[in-house]
file final30.pdb (PDB, C-alpha atoms)
ATOM      1  CA  MET H  95       1.639  -6.997 -12.884  1.00  0.00           C
ATOM      2  CA  LYS H  96       1.669  -5.738  -9.299  1.00  0.00           C
ATOM      3  CA  ARG H  97       3.326  -2.472 -10.340  1.00  0.00           C
ATOM      4  CA  SER H  98       0.717  -1.765 -12.999  1.00  0.00           C
ATOM      5  CA  LEU H  99      -2.120  -2.403 -10.531  1.00  0.00           C
ATOM      6  CA  ILE H 100      -0.541  -0.058  -8.009  1.00  0.00           C
ATOM      7  CA  ALA H 101      -0.003   2.604 -10.658  1.00  0.00           C
ATOM      8  CA  LEU H 102      -3.601   2.220 -11.836  1.00  0.00           C
ATOM      9  CA  ALA H 103      -4.874   2.560  -8.252  1.00  0.00           C
ATOM     10  CA  LEU H 104      -2.809   5.711  -7.718  1.00  0.00           C
ATOM     11  CA  VAL H 105      -4.092   7.282 -10.945  1.00  0.00           C
ATOM     12  CA  ALA H 106      -7.681   6.423 -10.054  1.00  0.00           C
ATOM     13  CA  ALA H 107      -7.262   7.837  -6.547  1.00  0.00           C
ATOM     14  CA  GLY H 108      -5.932  11.093  -7.997  1.00  0.00           C
ATOM     15  CA  CYS H 109      -9.142  11.539  -9.978  1.00  0.00           C
ATOM     16  CA  MET H 110     -11.445  11.036  -7.019  1.00  0.00           C
ATOM     17  CA  PRO H 111     -12.936  14.054  -5.209  1.00  0.00           C
ATOM     18  CA  ALA H 112     -11.639  14.978  -1.775  1.00  0.00           C
ATOM     19  CA  PRO H 113     -13.362  13.046   1.004  1.00  0.00           C
ATOM     20  CA  LEU H 114     -16.637  14.395   2.334  1.00  0.00           C
ATOM     21  CA  THR H 115     -16.874  17.504   0.184  1.00  0.00           C
ATOM     22  CA  GLU H 116     -20.215  16.951  -1.537  1.00  0.00           C
ATOM     23  CA  ASN H 117     -21.905  19.404   0.853  1.00  0.00           C
ATOM     24  CA  THR H 118     -19.227  22.088   0.524  1.00  0.00           C
ATOM     25  CA  PRO H 119     -20.787  25.336  -0.780  1.00  0.00           C
ATOM     26  CA  GLY H 120     -19.563  26.688  -4.111  1.00  0.00           C
ATOM     27  CA  ALA H 121     -17.547  29.874  -4.575  1.00  0.00           C
ATOM     28  CA  GLY H 122     -19.621  33.047  -4.665  1.00  0.00           C
ATOM     29  CA  THR H 123     -22.487  31.583  -2.650  1.00  0.00           C
ATOM     30  CA  PRO H 124     -23.434  32.863   0.803  1.00  0.00           C
ATOM     31  CA  MET H 125     -21.967  31.261   3.885  1.00  0.00           C
ATOM     32  CA  PRO H 126     -24.470  28.567   4.990  1.00  0.00           C
ATOM     33  CA  ALA H 127     -27.195  29.826   7.324  1.00  0.00           C
ATOM     34  CA  SER H 128     -26.729  26.666   9.408  1.00  0.00           C
ATOM     35  CA  ILE H 129     -23.325  28.078  10.400  1.00  0.00           C
ATOM     36  CA  VAL H 130     -24.080  31.803  10.454  1.00  0.00           C
ATOM     37  CA  GLU H 131     -27.284  31.731  12.529  1.00  0.00           C
ATOM     38  CA  PRO H 132     -25.871  30.004  15.640  1.00  0.00           C
ATOM     39  CA  TYR H 133     -22.608  31.934  15.206  1.00  0.00           C
ATOM     40  CA  LEU H 134     -24.483  35.267  15.299  1.00  0.00           C
ATOM     41  CA  LYS H 135     -26.391  34.167  18.409  1.00  0.00           C
ATOM     42  CA  ILE H 136     -23.072  33.438  20.127  1.00  0.00           C
ATOM     43  CA  GLN H 137     -21.611  36.772  18.992  1.00  0.00           C
ATOM     44  CA  SER H 138     -24.654  38.594  20.371  1.00  0.00           C
ATOM     45  CA  GLU H 139     -24.531  36.739  23.711  1.00  0.00           C
ATOM     46  CA  LEU H 140     -20.856  37.592  24.164  1.00  0.00           C
ATOM     47  CA  TYR H 141     -21.429  41.221  23.196  1.00  0.00           C
ATOM     48  CA  ASN H 142     -24.140  41.322  25.888  1.00  0.00           C
ATOM     49  CA  ASP H 143     -21.645  39.907  28.433  1.00  0.00           C
ATOM     50  CA  SER H 144     -23.521  36.608  28.712  1.00  0.00           C
ATOM     51  CA  VAL H 145     -22.721  32.934  28.214  1.00  0.00           C
ATOM     52  CA  GLU H 146     -26.284  31.757  28.818  1.00  0.00           C
ATOM     53  CA  ASN H 147     -26.919  30.269  25.358  1.00  0.00           C
ATOM     54  CA  VAL H 148     -23.347  30.036  24.076  1.00  0.00           C
ATOM     55  CA  ARG H 149     -22.907  26.328  24.773  1.00  0.00           C
ATOM     56  CA  ALA H 150     -26.158  25.283  23.076  1.00  0.00           C
ATOM     57  CA  ASN H 151     -25.477  27.413  20.005  1.00  0.00           C
ATOM     58  CA  ALA H 152     -21.887  26.160  19.813  1.00  0.00           C
ATOM     59  CA  GLY H 153     -23.263  22.610  19.822  1.00  0.00           C
ATOM     60  CA  ASN H 154     -25.680  23.501  17.014  1.00  0.00           C
ATOM     61  CA  LEU H 155     -22.829  25.047  15.061  1.00  0.00           C
ATOM     62  CA  ALA H 156     -20.657  21.941  15.547  1.00  0.00           C
ATOM     63  CA  THR H 157     -23.451  19.723  14.233  1.00  0.00           C
ATOM     64  CA  ALA H 158     -24.006  21.994  11.224  1.00  0.00           C
ATOM     65  CA  SER H 159     -20.312  22.193  10.353  1.00  0.00           C
ATOM     66  CA  ALA H 160     -19.890  18.416  10.579  1.00  0.00           C
ATOM     67  CA  SER H 161     -22.491  18.064   7.829  1.00  0.00           C
ATOM     68  CA  LEU H 162     -20.371  20.274   5.530  1.00  0.00           C
ATOM     69  CA  GLY H 163     -17.593  17.697   5.345  1.00  0.00           C
ATOM     70  CA  SER H 164     -13.870  17.851   5.858  1.00  0.00           C
ATOM     71  CA  PRO H 165     -13.318  21.466   4.676  1.00  0.00           C
ATOM     72  CA  ALA H 166     -15.332  22.637   7.723  1.00  0.00           C
ATOM     73  CA  MET H 167     -13.422  20.450  10.190  1.00  0.00           C
ATOM     74  CA  LYS H 168     -11.734  23.423  11.915  1.00  0.00           C
ATOM     75  CA  ILE H 169     -15.115  25.074  12.480  1.00  0.00           C
ATOM     76  CA  ASP H 170     -16.386  21.856  14.037  1.00  0.00           C
ATOM     77  CA  MET H 171     -13.365  21.560  16.340  1.00  0.00           C
ATOM     78  CA  ALA H 172     -13.548  25.218  17.431  1.00  0.00           C
ATOM     79  CA  ALA H 173     -17.299  24.962  18.083  1.00  0.00           C
ATOM     80  CA  VAL H 174     -16.817  21.843  20.217  1.00  0.00           C
ATOM     81  CA  GLN H 175     -14.178  23.679  22.258  1.00  0.00           C
ATOM     82  CA  LEU H 176     -16.490  26.679  22.693  1.00  0.00           C
ATOM     83  CA  ALA H 177     -19.287  24.374  23.830  1.00  0.00           C
ATOM     84  CA  SER H 178     -17.160  23.524  26.883  1.00  0.00           C
ATOM     85  CA  ALA H 179     -16.798  27.159  28.007  1.00  0.00           C
ATOM     86  CA  THR H 180     -18.585  28.119  31.214  1.00  0.00           C
ATOM     87  CA  GLU H 181     -17.029  31.497  32.035  1.00  0.00           C
ATOM     88  CA  LEU H 182     -17.202  34.672  29.930  1.00  0.00           C
ATOM     89  CA  PRO H 183     -13.413  35.193  29.499  1.00  0.00           C
ATOM     90  CA  ASP H 184     -12.954  31.564  28.385  1.00  0.00           C
ATOM     91  CA  ALA H 185     -15.933  31.780  26.024  1.00  0.00           C
ATOM     92  CA  ARG H 186     -14.539  34.945  24.446  1.00  0.00           C
ATOM     93  CA  GLU H 187     -11.130  33.343  23.959  1.00  0.00           C
ATOM     94  CA  LYS H 188     -12.654  30.240  22.371  1.00  0.00           C
ATOM     95  CA  PHE H 189     -14.955  32.398  20.236  1.00  0.00           C
ATOM     96  CA  ALA H 190     -11.800  33.961  18.763  1.00  0.00           C
ATOM     97  CA  GLY H 191     -10.755  30.503  17.536  1.00  0.00           C
ATOM     98  CA  LEU H 192     -14.228  29.871  16.149  1.00  0.00           C
ATOM     99  CA  SER H 193     -14.270  33.235  14.368  1.00  0.00           C
ATOM    100  CA  GLU H 194     -10.888  32.539  12.812  1.00  0.00           C
ATOM    101  CA  ALA H 195     -12.076  29.131  11.577  1.00  0.00           C
ATOM    102  CA  VAL H 196     -15.347  30.540  10.174  1.00  0.00           C
ATOM    103  CA  LEU H 197     -13.644  33.445   8.409  1.00  0.00           C
ATOM    104  CA  ASN H 198     -10.873  31.223   6.995  1.00  0.00           C
ATOM    105  CA  TYR H 199     -13.519  28.832   5.664  1.00  0.00           C
ATOM    106  CA  MET H 200     -15.507  31.685   4.161  1.00  0.00           C
ATOM    107  CA  ASP H 201     -12.462  33.367   2.604  1.00  0.00           C
ATOM    108  CA  GLY H 202     -10.851  30.109   1.480  1.00  0.00           C
ATOM    109  CA  LEU H 203     -13.965  28.967  -0.376  1.00  0.00           C
ATOM    110  CA  LYS H 204     -14.682  32.523  -1.588  1.00  0.00           C
ATOM    111  CA  LEU H 205     -18.098  32.549   0.096  1.00  0.00           C
ATOM    112  CA  THR H 206     -19.989  35.743   0.833  1.00  0.00           C
ATOM    113  CA  PRO H 207     -21.581  36.767   4.115  1.00  0.00           C
ATOM    114  CA  PRO H 208     -25.382  36.469   4.068  1.00  0.00           C
ATOM    115  CA  GLU H 209     -27.322  39.660   3.421  1.00  0.00           C
ATOM    116  CA  GLY H 210     -27.117  42.015   6.394  1.00  0.00           C
ATOM    117  CA  VAL H 211     -24.023  40.309   7.856  1.00  0.00           C
ATOM    118  CA  GLN H 212     -20.633  42.011   7.833  1.00  0.00           C
ATOM    119  CA  VAL H 213     -17.089  41.188   8.873  1.00  0.00           C
ATOM    120  CA  ALA H 214     -15.903  43.412  11.700  1.00  0.00           C
ATOM    121  CA  SER H 215     -12.476  43.683  13.262  1.00  0.00           C
ATOM    122  CA  CYS H 216     -10.785  45.276  16.246  1.00  0.00           C
ATOM    123  CA  GLU H 217      -7.275  46.578  15.687  1.00  0.00           C
ATOM    124  CA  THR H 218      -6.540  46.596  19.418  1.00  0.00           C
ATOM    125  CA  THR H 219      -7.082  42.857  19.817  1.00  0.00           C
ATOM    126  CA  SER H 220      -6.337  41.890  16.166  1.00  0.00           C
ATOM    127  CA  ARG H 221      -9.551  39.859  16.153  1.00  0.00           C
ATOM    128  CA  GLN H 222     -12.343  39.615  13.606  1.00  0.00           C
ATOM    129  CA  TRP H 223     -15.943  38.438  13.762  1.00  0.00           C
ATOM    130  CA  LEU H 224     -19.191  38.347  11.802  1.00  0.00           C
ATOM    131  CA  GLN H 225     -22.121  40.456  12.956  1.00  0.00           C
ATOM    132  CA  GLU H 226     -25.438  41.900  11.849  1.00  0.00           C
ATOM    133  CA  GLY H 227     -26.248  45.595  11.886  1.00  0.00           C
ATOM    134  CA  SER H 228     -24.295  48.729  11.189  1.00  0.00           C
ATOM    135  CA  THR H 229     -23.151  49.483  14.761  1.00  0.00           C
ATOM    136  CA  ILE H 230     -20.081  47.672  16.082  1.00  0.00           C
ATOM    137  CA  ALA H 231     -20.990  45.037  18.670  1.00  0.00           C
ATOM    138  CA  ASN H 232     -17.582  43.717  19.709  1.00  0.00           C
ATOM    139  CA  PRO H 233     -18.016  40.292  21.348  1.00  0.00           C
ATOM    140  CA  TYR H 234     -14.514  40.472  22.840  1.00  0.00           C
ATOM    141  CA  ASP H 235     -15.121  43.766  24.681  1.00  0.00           C
ATOM    142  CA  GLY H 236     -18.816  43.388  25.400  1.00  0.00           C
ATOM    143  CA  ALA H 237     -21.528  45.992  25.913  1.00  0.00           C
ATOM    144  CA  SER H 238     -20.052  47.048  29.251  1.00  0.00           C
ATOM    145  CA  ALA H 239     -16.801  48.277  27.644  1.00  0.00           C
ATOM    146  CA  PRO H 240     -16.483  52.082  27.680  1.00  0.00           C
ATOM    147  CA  ALA H 241     -15.847  52.333  23.918  1.00  0.00           C
ATOM    148  CA  ALA H 242     -16.327  49.510  21.457  1.00  0.00           C
ATOM    149  CA  CYS H 243     -13.250  48.851  19.377  1.00  0.00           C
ATOM    150  CA  GLY H 244     -13.954  47.903  15.821  1.00  0.00           C
ATOM    151  CA  SER H 245     -14.659  48.697  12.230  1.00  0.00           C
ATOM    152  CA  PHE H 246     -16.154  46.902   9.249  1.00  0.00           C
ATOM    153  CA  ARG H 247     -14.013  45.524   6.470  1.00  0.00           C
TER     154      ARG H 247
END

call {"tool": "encode", "arguments": {"input": "final30.pdb", "output": "structure tokens"}}
result
Amino acid sequence: MKRSLIALALVAAGCMPAPLTENTPGAGTPMPASIVEPYLKIQSELYNDSVENVRANAGNLATASASLGSPAMKIDMAAVQLASATELPDAREKFAGLSEAVLNYMDGLKLTPPEGVQVASCETTSRQWLQEGSTIANPYDGASAPAACGSFR
């Protein structure tokens, strides 16, 4: 009797959806604005060699990603780490982790960037990011860099 109950429980568990995925966006839909909007504000701040609003926007991004359930856990963790950054070099390094988490989430779920948002990358640093506009605004080099490294994918 015990074995049949255990087997029944295992079968039933296999049919249940993954935990906390009811808010996960479906394939082919745009990346949620609740993630992209604070992300783009952070990208812009770092491009402009500033950390003034990075912590607040990273906190907003962490809150938004937590509401998306377990598939967005890496975004949440990276945003929390970025929220602790106080210096520009540290913020840029932690933004790299956030960008990787956001892009992996987007690619893994086959989401699209919102209209007007593109994926950019820098071959020199092997880093990618999301940004608006058609002119490269590399958050890792900043506006003060002599020549912005980057291209759109």

call {"tool": "residues_around", "arguments": {"input": "final30.pdb", "residues": "Thr218 in chain H", "least_positions_apart": "3", "cutoff": "9 Å", "atoms": "only C-alpha atoms", "output": "list in words"}}
result
Arg221, Cys243 and Gly244 of chain H

call {"tool": "resolve_selection", "arguments": {"input": "final30.pdb", "expression": "the PyMOL selection byres ((chain H and resi 213) around 6)", "output": "JSON, numbers by chain"}}
result
{"H": [212, 214, 223, 224, 246, 247]}

call {"tool": "atom_distance", "arguments": {"input": "final30.pdb", "atom1": "CA of Ile169 in chain H", "atom2": "CA of Gly227 in chain H"}}
result
23.4 Å

call {"tool": "resolve_selection", "arguments": {"input": "final30.pdb", "expression": "the PyMOL selection byres ((chain H and resi 201) around 12)", "output": "VMD selection string"}}
result
chain H and resid 120 to 125 193 to 200 202 to 207 213

call {"tool": "residues_around", "arguments": {"input": "final30.pdb", "residues": "Gln225 in chain H", "least_positions_apart": "3", "cutoff": "12 Å", "atoms": "all atoms listed in the file", "output": "VMD selection string"}}
result
chain H and resid 130 to 141 193 197 207 to 215 222 228 to 233 244 to 247

call {"tool": "resolve_selection", "arguments": {"input": "final30.pdb", "expression": "the PyMOL selection byres ((chain H and resi 159) around 9)", "output": "PyMOL selection string"}}
result
chain H and resi 128-129+154-158+160-164+166-170+173

call {"tool": "atom_distance", "arguments": {"input": "final30.pdb", "atom1": "CA of Glu181 in chain H", "atom2": "CA of Pro126 in chain H"}}
result
28.2 Å

call {"tool": "atom_distance", "arguments": {"input": "final30.pdb", "atom1": "CA of Tyr234 in chain H", "atom2": "CA of Arg186 in chain H"}}
result
5.8 Å

call {"tool": "decode", "arguments": {"input": "final30.pdb", "residues": "range 152-199 of chain H", "atoms": "N, CA and C atoms", "output": "PDB file, in the first residue's frame"}}
result
ATOM      1  N   ALA H 152      17.996  49.335  -9.725  1.00  0.00           N
ATOM      2  CA  ALA H 152      18.309  47.923  -9.494  1.00  0.00           C
ATOM      3  C   ALA H 152      17.322  47.330  -8.488  1.00  0.00           C
ATOM      4  N   GLY H 153      16.956  48.099  -7.479  1.00  0.00           N
ATOM      5  CA  GLY H 153      15.946  47.640  -6.522  1.00  0.00           C
ATOM      6  C   GLY H 153      14.589  47.433  -7.184  1.00  0.00           C
ATOM      7  N   ASN H 154      14.208  48.363  -8.062  1.00  0.00           N
ATOM      8  CA  ASN H 154      12.949  48.220  -8.804  1.00  0.00           C
ATOM      9  C   ASN H 154      12.978  46.979  -9.693  1.00  0.00           C
ATOM     10  N   LEU H 155      14.115  46.743 -10.311  1.00  0.00           N
ATOM     11  CA  LEU H 155      14.261  45.585 -11.185  1.00  0.00           C
ATOM     12  C   LEU H 155      14.186  44.285 -10.369  1.00  0.00           C
ATOM     13  N   ALA H 156      14.800  44.270  -9.201  1.00  0.00           N
ATOM     14  CA  ALA H 156      14.739  43.083  -8.335  1.00  0.00           C
ATOM     15  C   ALA H 156      13.300  42.784  -7.937  1.00  0.00           C
ATOM     16  N   THR H 157      12.562  43.804  -7.573  1.00  0.00           N
ATOM     17  CA  THR H 157      11.152  43.620  -7.199  1.00  0.00           C
ATOM     18  C   THR H 157      10.356  43.079  -8.380  1.00  0.00           C
ATOM     19  N   ALA H 158      10.564  43.641  -9.552  1.00  0.00           N
ATOM     20  CA  ALA H 158       9.834  43.210 -10.750  1.00  0.00           C
ATOM     21  C   ALA H 158      10.177  41.775 -11.114  1.00  0.00           C
ATOM     22  N   SER H 159      11.438  41.407 -11.026  1.00  0.00           N
ATOM     23  CA  SER H 159      11.831  40.046 -11.414  1.00  0.00           C
ATOM     24  C   SER H 159      11.318  39.019 -10.413  1.00  0.00           C
ATOM     25  N   ALA H 160      11.234  39.388  -9.148  1.00  0.00           N
ATOM     26  CA  ALA H 160      10.707  38.457  -8.141  1.00  0.00           C
ATOM     27  C   ALA H 160       9.259  38.091  -8.449  1.00  0.00           C
ATOM     28  N   SER H 161       8.516  39.025  -9.034  1.00  0.00           N
ATOM     29  CA  SER H 161       7.116  38.745  -9.354  1.00  0.00           C
ATOM     30  C   SER H 161       6.965  37.815 -10.549  1.00  0.00           C
ATOM     31  N   LEU H 162       8.056  37.589 -11.309  1.00  0.00           N
ATOM     32  CA  LEU H 162       7.997  36.711 -12.476  1.00  0.00           C
ATOM     33  C   LEU H 162       8.248  35.248 -12.128  1.00  0.00           C
ATOM     34  N   GLY H 163       8.508  34.963 -10.877  1.00  0.00           N
ATOM     35  CA  GLY H 163       8.677  33.581 -10.442  1.00  0.00           C
ATOM     36  C   GLY H 163      10.091  33.060 -10.594  1.00  0.00           C
ATOM     37  N   SER H 164      10.220  31.766 -10.363  1.00  0.00           N
ATOM     38  CA  SER H 164      11.538  31.144 -10.304  1.00  0.00           C
ATOM     39  C   SER H 164      12.367  31.246 -11.589  1.00  0.00           C
ATOM     40  N   PRO H 165      11.784  31.276 -12.792  1.00  0.00           N
ATOM     41  CA  PRO H 165      12.648  31.417 -13.974  1.00  0.00           C
ATOM     42  C   PRO H 165      13.450  32.722 -13.982  1.00  0.00           C
ATOM     43  N   ALA H 166      12.996  33.748 -13.277  1.00  0.00           N
ATOM     44  CA  ALA H 166      13.688  35.039 -13.259  1.00  0.00           C
ATOM     45  C   ALA H 166      14.576  35.204 -12.024  1.00  0.00           C
ATOM     46  N   MET H 167      14.835  34.109 -11.321  1.00  0.00           N
ATOM     47  CA  MET H 167      15.603  34.169 -10.083  1.00  0.00           C
ATOM     48  C   MET H 167      17.002  34.769 -10.288  1.00  0.00           C
ATOM     49  N   LYS H 168      17.670  34.439 -11.388  1.00  0.00           N
ATOM     50  CA  LYS H 168      19.019  34.965 -11.618  1.00  0.00           C
ATOM     51  C   LYS H 168      18.997  36.467 -11.864  1.00  0.00           C
ATOM     52  N   ILE H 169      17.932  36.963 -12.484  1.00  0.00           N
ATOM     53  CA  ILE H 169      17.797  38.412 -12.668  1.00  0.00           C
ATOM     54  C   ILE H 169      17.665  39.073 -11.304  1.00  0.00           C
ATOM     55  N   ASP H 170      16.826  38.503 -10.463  1.00  0.00           N
ATOM     56  CA  ASP H 170      16.605  39.029  -9.118  1.00  0.00           C
ATOM     57  C   ASP H 170      17.920  39.087  -8.343  1.00  0.00           C
ATOM     58  N   MET H 171      18.675  37.990  -8.360  1.00  0.00           N
ATOM     59  CA  MET H 171      19.933  37.940  -7.615  1.00  0.00           C
ATOM     60  C   MET H 171      20.942  38.961  -8.147  1.00  0.00           C
ATOM     61  N   ALA H 172      21.044  39.078  -9.469  1.00  0.00           N
ATOM     62  CA  ALA H 172      21.989  40.035 -10.062  1.00  0.00           C
ATOM     63  C   ALA H 172      21.577  41.475  -9.761  1.00  0.00           C
ATOM     64  N   ALA H 173      20.276  41.749  -9.767  1.00  0.00           N
ATOM     65  CA  ALA H 173      19.793  43.099  -9.471  1.00  0.00           C
ATOM     66  C   ALA H 173      20.066  43.466  -8.013  1.00  0.00           C
ATOM     67  N   VAL H 174      19.884  42.520  -7.119  1.00  0.00           N
ATOM     68  CA  VAL H 174      20.169  42.765  -5.695  1.00  0.00           C
ATOM     69  C   VAL H 174      21.656  43.074  -5.514  1.00  0.00           C
ATOM     70  N   GLN H 175      22.514  42.328  -6.206  1.00  0.00           N
ATOM     71  CA  GLN H 175      23.951  42.605  -6.112  1.00  0.00           C
ATOM     72  C   GLN H 175      24.279  43.997  -6.652  1.00  0.00           C
ATOM     73  N   LEU H 176      23.670  44.363  -7.777  1.00  0.00           N
ATOM     74  CA  LEU H 176      23.911  45.682  -8.363  1.00  0.00           C
ATOM     75  C   LEU H 176      23.420  46.789  -7.437  1.00  0.00           C
ATOM     76  N   ALA H 177      22.356  46.540  -6.724  1.00  0.00           N
ATOM     77  CA  ALA H 177      21.816  47.544  -5.800  1.00  0.00           C
ATOM     78  C   ALA H 177      22.798  47.895  -4.682  1.00  0.00           C
ATOM     79  N   SER H 178      23.794  47.057  -4.464  1.00  0.00           N
ATOM     80  CA  SER H 178      24.788  47.332  -3.416  1.00  0.00           C
ATOM     81  C   SER H 178      25.988  48.118  -3.938  1.00  0.00           C
ATOM     82  N   ALA H 179      26.064  48.340  -5.242  1.00  0.00           N
ATOM     83  CA  ALA H 179      27.219  49.029  -5.829  1.00  0.00           C
ATOM     84  C   ALA H 179      27.187  50.521  -5.506  1.00  0.00           C
ATOM     85  N   THR H 180      28.331  51.057  -5.138  1.00  0.00           N
ATOM     86  CA  THR H 180      28.423  52.492  -4.851  1.00  0.00           C
ATOM     87  C   THR H 180      29.410  53.204  -5.764  1.00  0.00           C
ATOM     88  N   GLU H 181      30.334  52.464  -6.348  1.00  0.00           N
ATOM     89  CA  GLU H 181      31.353  53.036  -7.222  1.00  0.00           C
ATOM     90  C   GLU H 181      31.106  52.594  -8.664  1.00  0.00           C
ATOM     91  N   LEU H 182      31.465  53.438  -9.615  1.00  0.00           N
ATOM     92  CA  LEU H 182      31.224  53.177 -11.031  1.00  0.00           C
ATOM     93  C   LEU H 182      31.847  51.863 -11.523  1.00  0.00           C
ATOM     94  N   PRO H 183      33.123  51.571 -11.235  1.00  0.00           N
ATOM     95  CA  PRO H 183      33.691  50.305 -11.721  1.00  0.00           C
ATOM     96  C   PRO H 183      32.937  49.074 -11.188  1.00  0.00           C
ATOM     97  N   ASP H 184      32.559  49.108  -9.918  1.00  0.00           N
ATOM     98  CA  ASP H 184      31.816  48.002  -9.312  1.00  0.00           C
ATOM     99  C   ASP H 184      30.428  47.879  -9.939  1.00  0.00           C
ATOM    100  N   ALA H 185      29.778  49.012 -10.160  1.00  0.00           N
ATOM    101  CA  ALA H 185      28.448  48.997 -10.781  1.00  0.00           C
ATOM    102  C   ALA H 185      28.523  48.424 -12.185  1.00  0.00           C
ATOM    103  N   ARG H 186      29.542  48.787 -12.928  1.00  0.00           N
ATOM    104  CA  ARG H 186      29.687  48.257 -14.298  1.00  0.00           C
ATOM    105  C   ARG H 186      29.923  46.752 -14.274  1.00  0.00           C
ATOM    106  N   GLU H 187      30.733  46.286 -13.347  1.00  0.00           N
ATOM    107  CA  GLU H 187      30.997  44.851 -13.247  1.00  0.00           C
ATOM    108  C   GLU H 187      29.716  44.092 -12.872  1.00  0.00           C
ATOM    109  N   LYS H 188      28.965  44.620 -11.938  1.00  0.00           N
ATOM    110  CA  LYS H 188      27.721  43.960 -11.528  1.00  0.00           C
ATOM    111  C   LYS H 188      26.637  44.082 -12.598  1.00  0.00           C
ATOM    112  N   PHE H 189      26.671  45.150 -13.383  1.00  0.00           N
ATOM    113  CA  PHE H 189      25.740  45.295 -14.495  1.00  0.00           C
ATOM    114  C   PHE H 189      25.987  44.202 -15.533  1.00  0.00           C
ATOM    115  N   ALA H 190      27.244  43.794 -15.691  1.00  0.00           N
ATOM    116  CA  ALA H 190      27.560  42.705 -16.626  1.00  0.00           C
ATOM    117  C   ALA H 190      26.831  41.428 -16.206  1.00  0.00           C
ATOM    118  N   GLY H 191      26.807  41.134 -14.913  1.00  0.00           N
ATOM    119  CA  GLY H 191      26.076  39.966 -14.425  1.00  0.00           C
ATOM    120  C   GLY H 191      24.579  40.102 -14.641  1.00  0.00           C
ATOM    121  N   LEU H 192      24.060  41.309 -14.428  1.00  0.00           N
ATOM    122  CA  LEU H 192      22.640  41.556 -14.647  1.00  0.00           C
ATOM    123  C   LEU H 192      22.296  41.395 -16.126  1.00  0.00           C
ATOM    124  N   SER H 193      23.124  41.952 -16.990  1.00  0.00           N
ATOM    125  CA  SER H 193      22.878  41.847 -18.435  1.00  0.00           C
ATOM    126  C   SER H 193      22.871  40.394 -18.879  1.00  0.00           C
ATOM    127  N   GLU H 194      23.817  39.628 -18.378  1.00  0.00           N
ATOM    128  CA  GLU H 194      23.873  38.206 -18.729  1.00  0.00           C
ATOM    129  C   GLU H 194      22.592  37.493 -18.287  1.00  0.00           C
ATOM    130  N   ALA H 195      22.136  37.780 -17.075  1.00  0.00           N
ATOM    131  CA  ALA H 195      20.917  37.147 -16.563  1.00  0.00           C
ATOM    132  C   ALA H 195      19.694  37.554 -17.383  1.00  0.00           C
ATOM    133  N   VAL H 196      19.579  38.839 -17.716  1.00  0.00           N
ATOM    134  CA  VAL H 196      18.440  39.333 -18.497  1.00  0.00           C
ATOM    135  C   VAL H 196      18.439  38.714 -19.891  1.00  0.00           C
ATOM    136  N   LEU H 197      19.588  38.700 -20.542  1.00  0.00           N
ATOM    137  CA  LEU H 197      19.661  38.161 -21.902  1.00  0.00           C
ATOM    138  C   LEU H 197      19.452  36.645 -21.919  1.00  0.00           C
ATOM    139  N   ASN H 198      19.955  35.938 -20.921  1.00  0.00           N
ATOM    140  CA  ASN H 198      19.714  34.489 -20.842  1.00  0.00           C
ATOM    141  C   ASN H 198      18.232  34.203 -20.636  1.00  0.00           C
ATOM    142  N   TYR H 199      17.582  34.988 -19.809  1.00  0.00           N
ATOM    143  CA  TYR H 199      16.143  34.841 -19.570  1.00  0.00           C
ATOM    144  C   TYR H 199      15.386  35.093 -20.870  1.00  0.00           C
TER     145      TYR H 199
END
